[in-house]
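final12.cif (mmCIF, C-alpha atoms and all ligand atoms)
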```cif
data_start
loop_
_atom_site.label_atom_id
_atom_site.label_comp_id
_atom_site.auth_asym_id
_atom_site.auth_seq_id
_atom_site.Cartn_x
_atom_site.Cartn_y
_atom_site.Cartn_z
CA MET Y 1 30.72 5.29 20.60
CA ARG Y 2 27.85 4.91 23.02
CA LEU Y 3 26.56 1.69 21.40
CA LYS Y 4 29.87 0.09 20.49
CA ASP Y 5 29.30 -3.47 19.14
CA LYS Y 6 25.69 -3.60 20.36
CA VAL Y 7 23.32 -5.56 18.15
CA ALA Y 8 20.21 -3.43 17.63
CA ILE Y 9 16.99 -4.26 15.79
CA VAL Y 10 15.04 -1.22 14.61
CA THR Y 11 11.60 -1.97 13.13
CA GLY Y 12 10.17 0.35 10.49
CA ALA Y 13 13.74 1.55 9.88
CA ALA Y 14 13.55 1.92 6.10
CA LYS Y 15 12.15 5.45 6.44
CA GLY Y 16 11.41 8.36 8.75
CA ILE Y 17 12.27 8.27 12.45
CA GLY Y 18 13.31 4.60 12.27
CA PHE Y 19 15.81 5.30 9.50
CA ALA Y 20 17.29 8.28 11.35
CA THR Y 21 17.53 6.15 14.51
CA ALA Y 22 19.24 3.28 12.68
CA LYS Y 23 21.72 5.72 11.12
CA ARG Y 24 22.46 7.39 14.49
CA PHE Y 25 22.92 4.02 16.20
CA ALA Y 26 25.41 2.96 13.50
CA GLN Y 27 27.36 6.20 14.05
CA GLU Y 28 27.58 5.21 17.72
CA GLY Y 29 29.09 1.83 16.86
CA ALA Y 30 26.00 -0.42 16.82
CA LYS Y 31 25.44 -3.25 14.37
CA VAL Y 32 21.99 -2.24 13.14
CA MET Y 33 19.40 -4.71 11.88
CA ILE Y 34 16.96 -2.77 9.69
CA ALA Y 35 13.60 -4.56 9.85
CA ASP Y 36 10.87 -3.23 7.58
CA VAL Y 37 7.96 -4.47 5.48
CA ASN Y 38 9.00 -2.34 2.48
CA SER Y 39 11.47 -4.66 0.73
CA ASP Y 40 12.86 -2.08 -1.72
CA ALA Y 41 13.27 0.65 0.88
CA VAL Y 42 14.87 -1.71 3.40
CA LYS Y 43 17.67 -2.54 0.97
CA ALA Y 44 18.14 1.11 0.00
CA ALA Y 45 18.41 1.98 3.72
CA MET Y 46 21.01 -0.75 4.26
CA ASP Y 47 23.16 0.74 1.49
CA LEU Y 48 23.09 4.10 3.30
CA ILE Y 49 23.95 2.79 6.78
CA PRO Y 50 27.44 1.35 7.23
CA GLY Y 51 27.57 -2.13 8.76
CA SER Y 52 23.79 -2.55 8.78
CA GLU Y 53 21.79 -5.57 7.65
CA ALA Y 54 18.36 -5.62 5.98
CA TYR Y 55 15.50 -7.90 7.02
CA VAL Y 56 12.11 -7.89 5.33
CA VAL Y 57 9.81 -8.15 8.31
CA ASN Y 58 6.11 -7.49 8.70
CA VAL Y 59 5.51 -6.91 12.41
CA THR Y 60 2.03 -8.43 12.07
CA ASP Y 61 3.49 -11.68 10.71
CA ARG Y 62 5.15 -13.66 13.49
CA ALA Y 63 6.80 -16.09 11.07
CA SER Y 64 8.67 -13.22 9.37
CA ILE Y 65 9.86 -11.89 12.75
CA GLU Y 66 10.93 -15.36 13.88
CA ALA Y 67 12.92 -15.89 10.67
CA ALA Y 68 14.76 -12.57 11.13
CA VAL Y 69 15.44 -13.17 14.84
CA ASP Y 70 16.79 -16.67 14.10
CA GLN Y 71 19.10 -15.31 11.42
CA ILE Y 72 20.33 -12.48 13.65
CA MET Y 73 20.99 -14.92 16.52
CA GLN Y 74 22.91 -17.24 14.17
CA ARG Y 75 25.03 -14.38 12.83
CA HIS Y 76 25.62 -12.37 16.00
CA GLY Y 77 24.66 -14.61 18.92
CA ARG Y 78 22.73 -11.88 20.76
CA ILE Y 79 20.29 -8.99 20.52
CA ASP Y 80 21.08 -6.08 22.84
CA ILE Y 81 18.51 -3.50 21.75
CA LEU Y 82 15.01 -3.65 20.28
CA ILE Y 83 13.44 -0.45 18.94
CA ASN Y 84 9.74 -1.06 18.24
CA ASN Y 85 9.28 1.84 15.85
CA ALA Y 86 7.12 0.48 12.98
CA GLY Y 87 3.75 2.21 12.89
CA ILE Y 88 1.01 3.46 10.58
CA THR Y 89 -2.00 5.78 10.59
CA GLN Y 90 -5.43 5.32 8.99
CA ASP Y 91 -7.34 8.32 10.26
CA ALA Y 92 -11.09 8.89 10.36
CA ARG Y 93 -13.56 10.31 12.86
CA LEU Y 94 -15.28 7.76 15.10
CA VAL Y 95 -18.51 7.71 13.10
CA LYS Y 96 -16.68 7.24 9.79
CA MET Y 97 -13.95 4.78 10.81
CA THR Y 98 -14.29 1.38 9.17
CA GLU Y 99 -13.69 -1.83 11.05
CA ALA Y 100 -10.83 -2.56 8.63
CA GLN Y 101 -9.15 0.78 9.47
CA PHE Y 102 -9.51 0.04 13.17
CA ASP Y 103 -8.19 -3.52 12.94
CA THR Y 104 -5.26 -2.72 10.64
CA VAL Y 105 -3.84 0.01 12.87
CA ILE Y 106 -4.30 -2.08 16.03
CA ASP Y 107 -2.58 -4.99 14.31
CA VAL Y 108 0.53 -3.06 13.24
CA ASN Y 109 0.98 -0.51 16.04
CA LEU Y 110 -0.12 -2.57 19.03
CA LYS Y 111 0.05 -6.26 18.23
CA GLY Y 112 3.20 -5.67 16.18
CA VAL Y 113 4.98 -4.31 19.26
CA PHE Y 114 3.76 -7.30 21.28
CA ASN Y 115 4.90 -9.75 18.58
CA CYS Y 116 8.42 -8.36 18.20
CA THR Y 117 9.01 -7.96 21.92
CA GLN Y 118 7.71 -11.41 22.78
CA LEU Y 119 9.97 -13.01 20.16
CA VAL Y 120 13.12 -11.01 21.03
CA VAL Y 121 12.96 -10.85 24.83
CA PRO Y 122 13.72 -14.57 25.45
CA HIS Y 123 17.17 -13.96 23.94
CA MET Y 124 17.69 -10.92 26.18
CA LEU Y 125 16.60 -12.97 29.19
CA GLU Y 126 19.17 -15.59 28.33
CA ALA Y 127 21.86 -12.89 28.20
CA GLY Y 128 20.54 -11.23 31.38
CA LYS Y 129 20.50 -7.79 29.75
CA GLY Y 130 18.80 -5.71 27.10
CA ALA Y 131 16.98 -2.50 26.29
CA VAL Y 132 13.61 -2.16 24.58
CA VAL Y 133 12.28 1.20 23.41
CA ASN Y 134 8.74 1.50 22.04
CA ALA Y 135 7.27 4.18 19.78
CA SER Y 136 4.30 5.82 21.46
CA SER Y 137 3.24 9.41 20.72
CA VAL Y 138 1.91 12.54 22.37
CA VAL Y 139 -1.37 11.23 20.97
CA GLY Y 140 -0.90 8.34 23.44
CA ILE Y 141 -1.00 10.95 26.24
CA TYR Y 142 -3.85 13.25 25.23
CA GLY Y 143 -5.67 11.57 22.27
CA ASN Y 144 -6.33 13.25 18.93
CA PHE Y 145 -9.25 14.22 16.71
CA GLY Y 146 -9.68 11.61 13.95
CA GLN Y 147 -7.34 9.07 15.53
CA THR Y 148 -9.54 6.67 17.53
CA ASN Y 149 -7.52 3.66 16.34
CA TYR Y 150 -4.05 5.26 16.38
CA SER Y 151 -4.35 6.98 19.77
CA ALA Y 152 -5.65 3.74 21.33
CA THR Y 153 -2.53 1.95 20.10
CA LYS Y 154 -0.22 4.64 21.42
CA PHE Y 155 -1.91 4.62 24.87
CA GLY Y 156 -1.60 0.82 24.69
CA VAL Y 157 2.12 0.99 23.96
CA ILE Y 158 2.61 3.00 27.16
CA GLY Y 159 0.69 0.24 28.97
CA PHE Y 160 3.02 -2.37 27.48
CA THR Y 161 6.03 -0.29 28.47
CA LYS Y 162 5.05 0.08 32.13
CA THR Y 163 4.01 -3.58 32.42
CA TRP Y 164 7.19 -4.97 30.82
CA ALA Y 165 9.34 -2.55 32.84
CA ARG Y 166 7.94 -4.24 35.96
CA GLU Y 167 8.19 -7.79 34.59
CA LEU Y 168 11.67 -7.53 33.07
CA GLY Y 169 13.52 -4.92 35.14
CA SER Y 170 14.85 -7.37 37.71
CA LYS Y 171 16.17 -9.54 34.84
CA GLY Y 172 18.40 -6.72 33.56
CA ILE Y 173 16.09 -5.58 30.76
CA ARG Y 174 14.94 -1.95 30.68
CA VAL Y 175 11.77 -0.99 28.79
CA ASN Y 176 10.93 2.60 27.91
CA ALA Y 177 8.86 4.52 25.36
CA VAL Y 178 9.30 7.66 23.31
CA CYS Y 179 6.31 9.97 22.77
CA PRO Y 180 7.24 12.13 19.79
CA GLY Y 181 5.22 15.23 19.01
CA PHE Y 182 4.76 16.00 15.34
CA ILE Y 183 7.85 15.09 13.35
CA ALA Y 184 8.50 15.94 9.69
CA THR Y 185 8.23 12.48 8.11
CA GLU Y 186 6.02 11.04 5.36
CA MET Y 187 3.41 10.15 8.00
CA VAL Y 188 3.03 13.78 9.07
CA LYS Y 189 3.55 15.36 5.65
CA ALA Y 190 0.40 13.48 4.59
CA MET Y 191 -1.63 15.68 6.97
CA PRO Y 192 -3.58 18.69 5.58
CA GLU Y 193 -1.51 21.91 5.38
CA ASN Y 194 -3.83 23.93 7.68
CA ILE Y 195 -3.57 21.29 10.43
CA LEU Y 196 0.23 21.25 10.10
CA GLN Y 197 0.34 25.05 10.47
CA ASP Y 198 -1.88 24.80 13.54
CA ILE Y 199 0.45 22.17 15.06
CA GLU Y 200 3.48 24.41 14.47
CA ARG Y 201 1.66 27.25 16.21
CA ARG Y 202 0.78 25.06 19.20
CA SER Y 203 4.30 23.68 19.68
CA TRP Y 204 6.23 25.91 22.08
CA LEU Y 205 9.28 25.64 19.81
CA GLY Y 206 7.16 26.90 16.88
CA ARG Y 207 8.09 24.11 14.46
CA LEU Y 208 7.83 20.40 13.73
CA GLY Y 209 10.52 18.10 15.10
CA THR Y 210 13.04 16.27 12.91
CA PRO Y 211 13.68 12.50 12.70
CA GLU Y 212 17.27 13.18 13.81
CA GLU Y 213 16.03 14.83 17.02
CA MET Y 214 13.95 11.73 17.77
CA ALA Y 215 16.93 9.49 16.99
CA ASN Y 216 18.86 11.19 19.80
CA VAL Y 217 16.06 10.39 22.26
CA TYR Y 218 16.05 6.73 21.21
CA LEU Y 219 19.83 6.73 21.53
CA PHE Y 220 19.70 7.99 25.11
CA LEU Y 221 17.09 5.44 26.21
CA ALA Y 222 18.84 2.54 24.44
CA SER Y 223 22.30 3.42 25.78
CA ASP Y 224 23.89 2.71 29.14
CA GLU Y 225 23.55 6.42 29.92
CA ALA Y 226 19.91 5.57 30.74
CA SER Y 227 20.94 2.61 32.93
CA TYR Y 228 18.57 3.64 35.77
CA VAL Y 229 15.68 4.71 33.49
CA ASN Y 230 12.92 2.09 33.29
CA GLY Y 231 9.20 2.33 32.49
CA LEU Y 232 9.46 5.93 31.28
CA ALA Y 233 7.30 7.40 28.49
CA LEU Y 234 9.57 10.25 27.40
CA GLU Y 235 7.75 13.06 25.61
CA ALA Y 236 9.83 14.76 22.91
CA SER Y 237 7.43 17.25 21.39
CA GLY Y 238 8.75 20.75 21.82
CA GLY Y 239 6.35 20.96 24.75
CA ILE Y 240 3.15 20.67 22.69
CA SER Y 241 1.20 19.12 25.58
CA LEU Y 242 2.00 21.97 28.03
P1 LIG Y 301 7.03 6.59 8.44
O1 LIG Y 301 5.72 6.34 7.79
O2 LIG Y 301 7.92 7.66 7.90
O3 LIG Y 301 7.89 5.23 8.49
C1 LIG Y 301 7.32 4.07 9.02
C2 LIG Y 301 8.11 2.87 8.57
O4 LIG Y 301 7.48 1.72 9.14
C3 LIG Y 301 8.10 2.68 7.04
O5 LIG Y 301 9.40 2.40 6.57
C4 LIG Y 301 7.17 1.49 6.84
O6 LIG Y 301 7.48 0.70 5.70
C5 LIG Y 301 7.35 0.72 8.13
N1 LIG Y 301 6.23 -0.17 8.43
C6 LIG Y 301 4.90 0.10 8.30
N2 LIG Y 301 4.18 -0.98 8.59
C7 LIG Y 301 5.06 -1.97 8.91
C8 LIG Y 301 4.91 -3.33 9.27
N3 LIG Y 301 3.70 -3.91 9.35
N4 LIG Y 301 6.01 -4.05 9.54
C9 LIG Y 301 7.25 -3.50 9.44
N5 LIG Y 301 7.45 -2.22 9.07
C10 LIG Y 301 6.36 -1.46 8.81
O7 LIG Y 301 6.68 6.83 9.99
P2 LIG Y 301 7.39 7.76 11.08
O8 LIG Y 301 6.73 9.08 11.03
O9 LIG Y 301 8.84 7.68 10.96
O10 LIG Y 301 6.90 7.08 12.44
C11 LIG Y 301 7.66 6.07 13.09
C12 LIG Y 301 6.98 5.73 14.40
O11 LIG Y 301 6.90 6.89 15.22
C13 LIG Y 301 5.56 5.21 14.26
O12 LIG Y 301 5.30 4.22 15.22
C14 LIG Y 301 4.72 6.43 14.54
O13 LIG Y 301 3.44 6.10 15.00
C15 LIG Y 301 5.56 7.10 15.61
N6 LIG Y 301 5.30 8.53 15.71
C16 LIG Y 301 5.53 9.35 14.65
C17 LIG Y 301 5.24 10.69 14.77
C18 LIG Y 301 5.48 11.65 13.66
O14 LIG Y 301 5.14 12.83 13.85
N7 LIG Y 301 6.04 11.28 12.52
C19 LIG Y 301 4.69 11.27 16.00
C20 LIG Y 301 4.52 10.30 17.06
C21 LIG Y 301 4.81 8.99 16.90
#
```
Step by step, read the file and then write its structure as structure tokens.
Amino acid sequence: MRLKDKVAIVTGAAKGIGFATAKRFAQEGAKVMIADVNSDAVKAAMDLIPGSEAYVVNVTDRASIEAAVDQIMQRHGRIDILINNAGITQDARLVKMTEAQFDTVIDVNLKGVFNCTQLVVPHMLEAGKGAVVNASSVVGIYGNFGQTNYSATKFGVIGFTKTWARELGSKGIRVNAVCPGFIATEMVKAMPENILQDIERRSWLGRLGTPEEMANVYLFLASDEASYVNGLALEASGGISL
């Protein structure tokens, strides 16, 4: 029970890595707040995760985040953990990328992380403790063909992480990031088969990762076991960047 009675918000938790993380956190005793823009999926996820609550939140819409945070504070009186996991891709090569594709991905993956953290952290400051874990990517370390917008957001999330780790560390709040490699979720399954095979070849473990494997990394960084870990971008990729 590494997260016994902790109140944890996981954004984008209706599916994929976020769902696996929410489920793992609940197994470790956390009260998990599933925050996702997909209103049907968020309720279905709540039914599958004991003790969880569902909040329809769009991370680009500050009013929807504020409403959820207010409700959580009224019900539980604190927020111990924030997992900024919600993210999207809209891939195209530089010359083909539309302004709308660029803006949409920046809005969700970068500004969304800023919005949620800025609205949750004041409550952590009041409590004098908290843990924030942000979803970056290996693409936020070495870039990727066709992902001008997405890789910029994932580099940016590492920038947020290191900046907030400095600003908030002395107040008892740790901020870290996870850089997953290629994980078998809907986001990755949408990639062309030949690219997926190439990725499996390039990973030194010879396969894609699973959402459950990423959930364990989030669990470590969110738990007190990582009490002296701050400002880290932890790559969990089977060693693909070696
Ligand atoms: P996914 O597509 O399976 O799930 C993403 C979830 O986020 C969905 O439930 C979706 O409804 C939600 N979401 C999307 N936009 C939202 C918004 N504006 N507000 C609230 N919720 C929103 O994605 P996956 O693969 O589980 O990825 C999760 C995170 O991990 C993302 O930030 C992604 O960039 C990152 N990541 C994923 C990798 C992978 O290989 N799957 C690799 C590296 C990073």
Looking at Y:Ala222, Y:Ala44, Y:Val59, Y:Ile49, which one is nearest to Ile173 (chain Y), with distances taken over only C-alpha atoms? Y:Ala222
Please check which protein, DNA or RNA residues sit within 8 Å of ligand LIG 301 (chain Y), counting all atoms listed in the file, and write them as an MDAnalysis selection string. chainID Y and resid 11:19 35:38 41:42 56:61 84:89 108:109 112 135:139 150 154 178:188 209 211
Using all atoms listed in the file, find each residue in region 110-209 of chain Y having at least one atom no more than 6 Å away from region 78-83 of chain Y; report its shortest atom-to-atom pair and that distance in Å (one decimal), rows by chain then rising number, as CSV.
```
residue,atom,partner,partner_atom,distance
Y:Gly130,CA,Y:Asp80,CA,4.8
Y:Ala131,CA,Y:Ile81,CA,4.9
Y:Val132,CA,Y:Leu82,CA,4.8
Y:Val133,CA,Y:Ile83,CA,4.9
Y:Asn134,CA,Y:Ile83,CA,6.0
```
Which residues are near region 194-198 of chain Y? Cut-off 10 Å, all atoms listed in the file, ignore same chain within fewer than 3 positions. Put them as a ChimeraX atom specification. /Y:182,184,188-191,201-203,206-208
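One distance worth recording is that between CA of Val10 (chain Y) and CA of Gly238 (chain Y), which is 24.0 Å.
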Give me, please, the distance in Å between CA of Lys129 (chain Y) and CA of Ile9 (chain Y), quoted to one decimal.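 Taking CA of Lys129 (chain Y) and CA of Ile9 (chain Y), their separation equals 14.8 Å.
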What is the distance between CA of Ala226 (chain Y) and CA of Met46 (chain Y), in Å to one decimal?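 If I compute the distance from CA of Ala226 (chain Y) to CA of Met46 (chain Y), I get 27.2 Å.
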Residue list as a PyMOL selection string for point (9.6, -11.4, 28.4), cut-off 8 Å, only C-alpha atoms: chain Y and resi 117-118+121-122+125+164+167-168
